[in-house]
$ cat my_file.cif   # mmCIF, C-alpha atoms
data_run
loop_
_atom_site.group_PDB
_atom_site.id
_atom_site.type_symbol
_atom_site.label_atom_id
_atom_site.label_comp_id
_atom_site.auth_asym_id
_atom_site.auth_seq_id
_atom_site.Cartn_x
_atom_site.Cartn_y
_atom_site.Cartn_z
ATOM 1 C CA MET A 1 109.456 121.854 61.894
ATOM 2 C CA ALA A 2 110.455 118.204 62.055
ATOM 3 C CA ALA A 3 107.952 115.822 63.649
ATOM 4 C CA SER A 4 110.531 114.584 66.153
ATOM 5 C CA LYS A 5 111.188 118.164 67.332
ATOM 6 C CA VAL A 6 107.469 118.778 67.844
ATOM 7 C CA ALA A 7 107.103 115.501 69.757
ATOM 8 C CA GLU A 8 110.126 116.368 71.888
ATOM 9 C CA ASP A 9 108.719 119.801 72.732
ATOM 10 C CA ASN A 10 105.312 118.312 73.592
ATOM 11 C CA GLU A 11 106.683 115.858 76.156
ATOM 12 C CA MET A 12 105.689 116.411 79.752
ATOM 13 C CA PRO A 13 108.487 118.087 81.679
ATOM 14 C CA THR A 14 110.474 115.402 83.483
ATOM 15 C CA THR A 15 110.334 116.857 86.977
ATOM 16 C CA GLN A 16 106.578 117.424 86.874
ATOM 17 C CA HIS A 17 106.005 114.016 85.331
ATOM 18 C CA SER A 18 108.178 112.387 87.989
ATOM 19 C CA ALA A 19 106.380 114.198 90.796
ATOM 20 C CA ALA A 20 102.977 113.156 89.456
ATOM 21 C CA ALA A 21 104.123 109.568 88.963
ATOM 22 C CA GLU A 22 105.486 109.467 92.513
ATOM 23 C CA ARG A 23 102.150 110.666 93.901
ATOM 24 C CA HIS A 24 100.327 108.003 91.872
ATOM 25 C CA LEU A 25 102.628 105.360 93.371
ATOM 26 C CA GLN A 26 102.057 106.734 96.872
ATOM 27 C CA ALA A 27 98.309 106.591 96.299
ATOM 28 C CA ALA A 28 98.563 102.987 95.127
ATOM 29 C CA HIS A 29 100.633 102.060 98.176
ATOM 30 C CA ALA A 30 98.106 103.733 100.493
ATOM 31 C CA HIS A 31 95.283 101.789 98.789
ATOM 32 C CA GLU A 32 97.182 98.544 99.349
ATOM 33 C CA ALA A 33 97.773 99.474 102.997
ATOM 34 C CA ALA A 34 94.080 100.281 103.385
ATOM 35 C CA ALA A 35 93.118 96.901 101.971
ATOM 36 C CA ALA A 36 95.557 95.146 104.306
ATOM 37 C CA SER A 37 94.189 97.053 107.304
ATOM 38 C CA HIS A 38 90.640 96.220 106.280
ATOM 39 C CA ASN A 39 91.537 92.527 105.966
ATOM 40 C CA GLN A 40 92.884 92.677 109.531
ATOM 41 C CA ASN A 41 89.598 94.220 110.730
ATOM 42 C CA ASP A 42 91.333 97.547 111.390
ATOM 43 C CA HIS A 43 88.587 99.583 109.821
ATOM 44 C CA MET A 44 89.696 102.901 111.305
ATOM 45 C CA GLY A 45 93.236 102.359 109.976
ATOM 46 C CA ALA A 46 91.808 101.360 106.606
ATOM 47 C CA HIS A 47 89.737 104.544 106.529
ATOM 48 C CA GLU A 48 92.785 106.682 107.348
ATOM 49 C CA GLN A 49 94.820 104.967 104.627
ATOM 50 C CA SER A 50 91.973 105.493 102.145
ATOM 51 C CA LEU A 51 91.930 109.200 102.965
ATOM 52 C CA LEU A 52 95.686 109.344 102.457
ATOM 53 C CA ALA A 53 95.309 107.548 99.128
ATOM 54 C CA MET A 54 92.726 110.100 98.030
ATOM 55 C CA GLU A 55 95.000 112.964 99.056
ATOM 56 C CA HIS A 56 97.887 111.520 97.038
ATOM 57 C CA ALA A 57 95.631 110.866 94.051
ATOM 58 C CA ARG A 58 94.332 114.445 94.074
ATOM 59 C CA GLU A 59 97.867 115.804 94.279
ATOM 60 C CA ALA A 60 98.933 113.538 91.409
ATOM 61 C CA HIS A 61 96.024 114.808 89.343
ATOM 62 C CA ARG A 62 96.897 118.432 90.115
ATOM 63 C CA LEU A 63 100.541 117.907 89.134
ATOM 64 C CA SER A 64 99.517 116.129 85.934
ATOM 65 C CA GLU A 65 97.136 118.946 85.024
ATOM 66 C CA GLU A 66 99.852 121.553 85.617
ATOM 67 C CA ALA A 67 102.334 119.666 83.471
ATOM 68 C CA ALA A 68 99.771 119.185 80.707
ATOM 69 C CA ALA A 69 98.958 122.901 80.763
ATOM 70 C CA LYS A 70 102.639 123.765 80.394
ATOM 71 C CA VAL A 71 103.013 121.340 77.500
ATOM 72 C CA ALA A 72 99.932 122.805 75.811
ATOM 73 C CA LYS A 73 101.313 126.309 76.238
ATOM 74 C CA VAL A 74 104.644 125.347 74.691
ATOM 75 C CA SER A 75 102.877 123.518 71.873
ATOM 76 C CA LYS A 76 100.712 126.547 71.122
ATOM 77 C CA GLU A 77 103.775 128.805 71.120
ATOM 78 C CA LEU A 78 105.527 126.472 68.693
ATOM 79 C CA GLU A 79 102.511 126.399 66.377
ATOM 80 C CA SER A 80 102.402 130.184 66.240
ATOM 81 C CA ARG A 81 105.984 130.421 65.020
#
$ encode --input "my_file.cif" --output "structure tokens"
Amino acid sequence: MAASKVAEDNEMPTTQHSAAAERHLQAAHAHEAAAASHNQNDHMGAHEQSLLAMEHAREAHRLSEEAAAKVAKVSKELESR
């Protein structure tokens, strides 16, 4: 099998990759909001934003793991051909 075909088949599925990337961006935004709240002495708001950031980061990780598992499965199937 051509190397380009193997690389193409091993790419993370676009929708899962996009969903994970979006969650990473949401986590980053929540971290920035938490820092801004903290700088304004809104420690409760900062804490809430930090919790939201953690939630988004965990979801991003879960989506990334799922996508990686699917890619590994496809890769293994291709190797067994």
$ closest_residue --input "my_file.cif" --among "A:Glu55, A:Ser80, A:His17, A:Ser50" --to "Glu32 (chain A)" --atoms "all atoms listed in the file"
A:Ser50
$ residues_around --input "my_file.cif" --residues "region 20-31 of chain A" --least-positions-apart "2" --cutoff "9 Å" --atoms "all atoms listed in the file" --output "list in words"
Thr15, Gln16, His17, Ser18, Ala33, Ala34, Ala35, Ala36, Ala46, Gln49, Ser50, Leu51, Leu52, Ala53, Met54, Glu55, His56, Ala57, Arg58, Glu59, Ala60, His61, Arg62, Leu63, Ser64 and Ala67 of chain A
$ axis_aligned_box --input "my_file.cif" --around "region 62-73 of chain A" --padding-each-side "5 Å" --output "JSON"
{"center_x": 100.0, "center_y": 121.2, "center_z": 83.0, "size_x": 16.1, "size_y": 20.2, "size_z": 24.3}
$ atom_distance --input "my_file.cif" --atom1 "CA of Ser75 (chain A)" --atom2 "CA of Ala19 (chain A)"
21.4 Å
